[in-house]
Amino acid sequence: MLIIKIVLVAWLLLLIGDFLSTFLYHVPEHVFGKFHGIVHHGKNRSFIHYAVLTKNPLVLLDGFLGALPYFIFLPLGWQISPAGTILSIILGELHVIWRHVSAINWQTPKAISWLCQLLFITTPEIHWLHHKNANVAYGDIFTFYDRPAQKWKQFLTHIKVSYW
Ligand SMILES: [Zn+2]
Ligand SMILES: [Zn+2]
């Protein structure tokens with residue numbers, strides 16, 4: 001029972017975090033902003049460097065704003081399950097690093113790819129598609145956010161073109 005609670009809370013926190021991050025930051029930033037475009041989709045695609053090592057303030061700002069939605073509900077999660085909350089932070093952080101390993105020619109093992117597909121989890125290969133083309137492969141962690149995010153992007157682009 002305890003394990004289920006821990007996993008459920010961790011999963012929910014990531015689900016909510018990815019949702020808010022994708023729809024309130026990532027997509028609008030692609031349409032209206034420029035930080036994320038420069039940092040995440042720039043020509044200089046050194047992602048390991050980008051994700052973990054860099055001290056460029058723009059990169060840190062993009063990372064911070066993108067990560068903020070994951071933190072909002074942590075206090076609530078903590079009240080339900082501190083262990084689940086910690087697990088979500090660890091998994092979220094590991095996933096950031098993992099989905100950027102394309103830079104070192106990583107290939108996800110077949111079994112893991114299959115498992116991720118089953119659980120709708122974004123693999124480095126899928127996330128790489130987003131880096132190459134900002135119109136596809138949304139959902140930093142969960143692949144099912146891709147379709148609604150693309151619709152959301154079309155809608156916001158329409159708003160921008162019409163009223164900006
Ligand atoms: Zn990325
Ligand atoms: Zn992006």
# chains A, B, ... in the order shown; residues from 1 in each chain; ligands from 1
call {"tool": "residues_near_ligand", "arguments": {"ligand": "ligand 2", "cutoff": "7 Å", "atoms": "only C-alpha atoms and all ligand atoms", "output": "PDB file with N, CA and C atoms, in the first residue's frame"}}
result
ATOM      1  N   HIS A  26       6.557  25.982 -22.005  1.00  0.00           N
ATOM      2  CA  HIS A  26       7.277  25.514 -23.182  1.00  0.00           C
ATOM      3  C   HIS A  26       6.643  25.990 -24.505  1.00  0.00           C
ATOM      4  N   HIS A  30       7.807  29.047 -27.110  1.00  0.00           N
ATOM      5  CA  HIS A  30       8.143  28.841 -28.525  1.00  0.00           C
ATOM      6  C   HIS A  30       7.456  29.862 -29.410  1.00  0.00           C
ATOM      7  N   HIS A  36      14.012  30.072 -24.703  1.00  0.00           N
ATOM      8  CA  HIS A  36      14.020  28.628 -24.904  1.00  0.00           C
ATOM      9  C   HIS A  36      14.506  28.269 -26.301  1.00  0.00           C
ATOM     10  N   GLY A  37      14.083  29.072 -27.292  1.00  0.00           N
ATOM     11  CA  GLY A  37      14.508  28.817 -28.664  1.00  0.00           C
ATOM     12  C   GLY A  37      16.018  28.906 -28.812  1.00  0.00           C
ATOM     13  N   HIS A  40      17.543  26.030 -26.073  1.00  0.00           N
ATOM     14  CA  HIS A  40      17.216  24.614 -26.217  1.00  0.00           C
ATOM     15  C   HIS A  40      17.298  24.151 -27.665  1.00  0.00           C
ATOM     16  N   HIS A  41      17.085  25.100 -28.587  1.00  0.00           N
ATOM     17  CA  HIS A  41      17.055  24.715 -29.986  1.00  0.00           C
ATOM     18  C   HIS A  41      18.146  25.419 -30.791  1.00  0.00           C
ATOM     19  N   HIS A 130      12.205  16.768 -31.054  1.00  0.00           N
ATOM     20  CA  HIS A 130      11.761  18.113 -30.693  1.00  0.00           C
ATOM     21  C   HIS A 130      12.894  19.136 -30.851  1.00  0.00           C
ATOM     22  N   HIS A 131      14.093  18.710 -30.497  1.00  0.00           N
ATOM     23  CA  HIS A 131      15.222  19.627 -30.647  1.00  0.00           C
ATOM     24  C   HIS A 131      15.451  19.984 -32.106  1.00  0.00           C
ATOM     25  N   ALA A 134      10.881  22.157 -33.697  1.00  0.00           N
ATOM     26  CA  ALA A 134      10.120  22.658 -32.546  1.00  0.00           C
ATOM     27  C   ALA A 134       8.606  22.487 -32.704  1.00  0.00           C
TER      28      ALA A 134
END
call {"tool": "select_by_dssp", "arguments": {"residues": "chain A", "states": "alpha helix (DSSP H)", "output": "PyMOL selection string"}}
result
chain A and resi 2-20+27-32+35-41+47-48+57-72+74-80+82-98+110-119+124-132+146-163
call {"tool": "residues_around", "arguments": {"residues": "Pro109 (chain A)", "least_positions_apart": "4", "cutoff": "12 Å", "atoms": "only C-alpha atoms", "output": "short mmCIF file (atom, residue, chain, number, x, y, z; two decimals) with C-alpha atoms, in the first residue's frame"}}
result
data_model
loop_
_atom_site.label_atom_id
_atom_site.label_comp_id
_atom_site.auth_asym_id
_atom_site.auth_seq_id
_atom_site.Cartn_x
_atom_site.Cartn_y
_atom_site.Cartn_z
CA SER A 113 11.97 1.80 -25.62
CA TRP A 114 9.09 -0.64 -25.59
CA LEU A 115 8.42 -0.04 -21.90
CA CYS A 116 8.49 3.72 -22.41
CA THR A 123 12.73 8.66 -24.74
CA PRO A 124 15.91 10.55 -25.74
CA GLU A 125 15.17 9.65 -29.37
#
call {"tool": "closest_residue", "arguments": {"among": "A:Val96, A:Leu2, A:Ile89, A:Ile72", "to": "ligand 1", "atoms": "only C-alpha atoms and all ligand atoms"}}
result
A:Val96
call {"tool": "residues_around", "arguments": {"residues": "Glu93 (chain A)", "least_positions_apart": "2", "cutoff": "12 Å", "atoms": "only C-alpha atoms", "output": "short mmCIF file (atom, residue, chain, number, x, y, z; two decimals) with C-alpha atoms, in the first residue's frame"}}
result
data_model
loop_
_atom_site.label_atom_id
_atom_site.label_comp_id
_atom_site.auth_asym_id
_atom_site.auth_seq_id
_atom_site.Cartn_x
_atom_site.Cartn_y
_atom_site.Cartn_z
CA LEU A 14 5.49 14.60 -12.70
CA ALA A 51 21.50 20.40 -19.09
CA VAL A 52 24.04 19.94 -16.39
CA GLY A 63 15.86 25.71 -17.02
CA ALA A 67 11.28 23.48 -13.92
CA TYR A 70 7.29 20.94 -11.20
CA PHE A 71 7.92 22.62 -7.87
CA ILE A 86 11.44 13.09 -3.21
CA LEU A 87 11.09 10.29 -5.75
CA SER A 88 9.42 12.67 -8.22
CA ILE A 89 12.28 15.16 -7.89
CA ILE A 90 14.88 12.44 -8.43
CA LEU A 91 13.04 10.90 -11.39
CA HIS A 95 14.84 12.22 -16.91
CA VAL A 96 16.19 15.67 -17.84
CA ILE A 97 19.68 14.19 -18.07
CA TRP A 98 18.56 10.99 -19.77
CA ARG A 99 16.48 12.67 -22.49
CA HIS A 100 19.50 14.78 -23.44
CA ASP A 140 9.23 16.54 -21.93
CA ILE A 141 8.30 13.49 -19.87
#
call {"tool": "atom_distance", "arguments": {"atom1": "CA of Val9 (chain A)", "atom2": "CA of Gly92 (chain A)"}}
result
12.9 Å
call {"tool": "atom_distance", "arguments": {"atom1": "CA of Asp62 (chain A)", "atom2": "CA of Ile16 (chain A)"}}
result
18.8 Å
call {"tool": "atom_distance", "arguments": {"atom1": "CA of Leu74 (chain A)", "atom2": "CA of Leu24 (chain A)"}}
result
17.7 Å
call {"tool": "closest_residue", "arguments": {"among": "A:Val31, A:Asp18, A:Lys160, A:Tyr25", "to": "Thr122 (chain A)", "atoms": "only C-alpha atoms"}}
result
A:Asp18
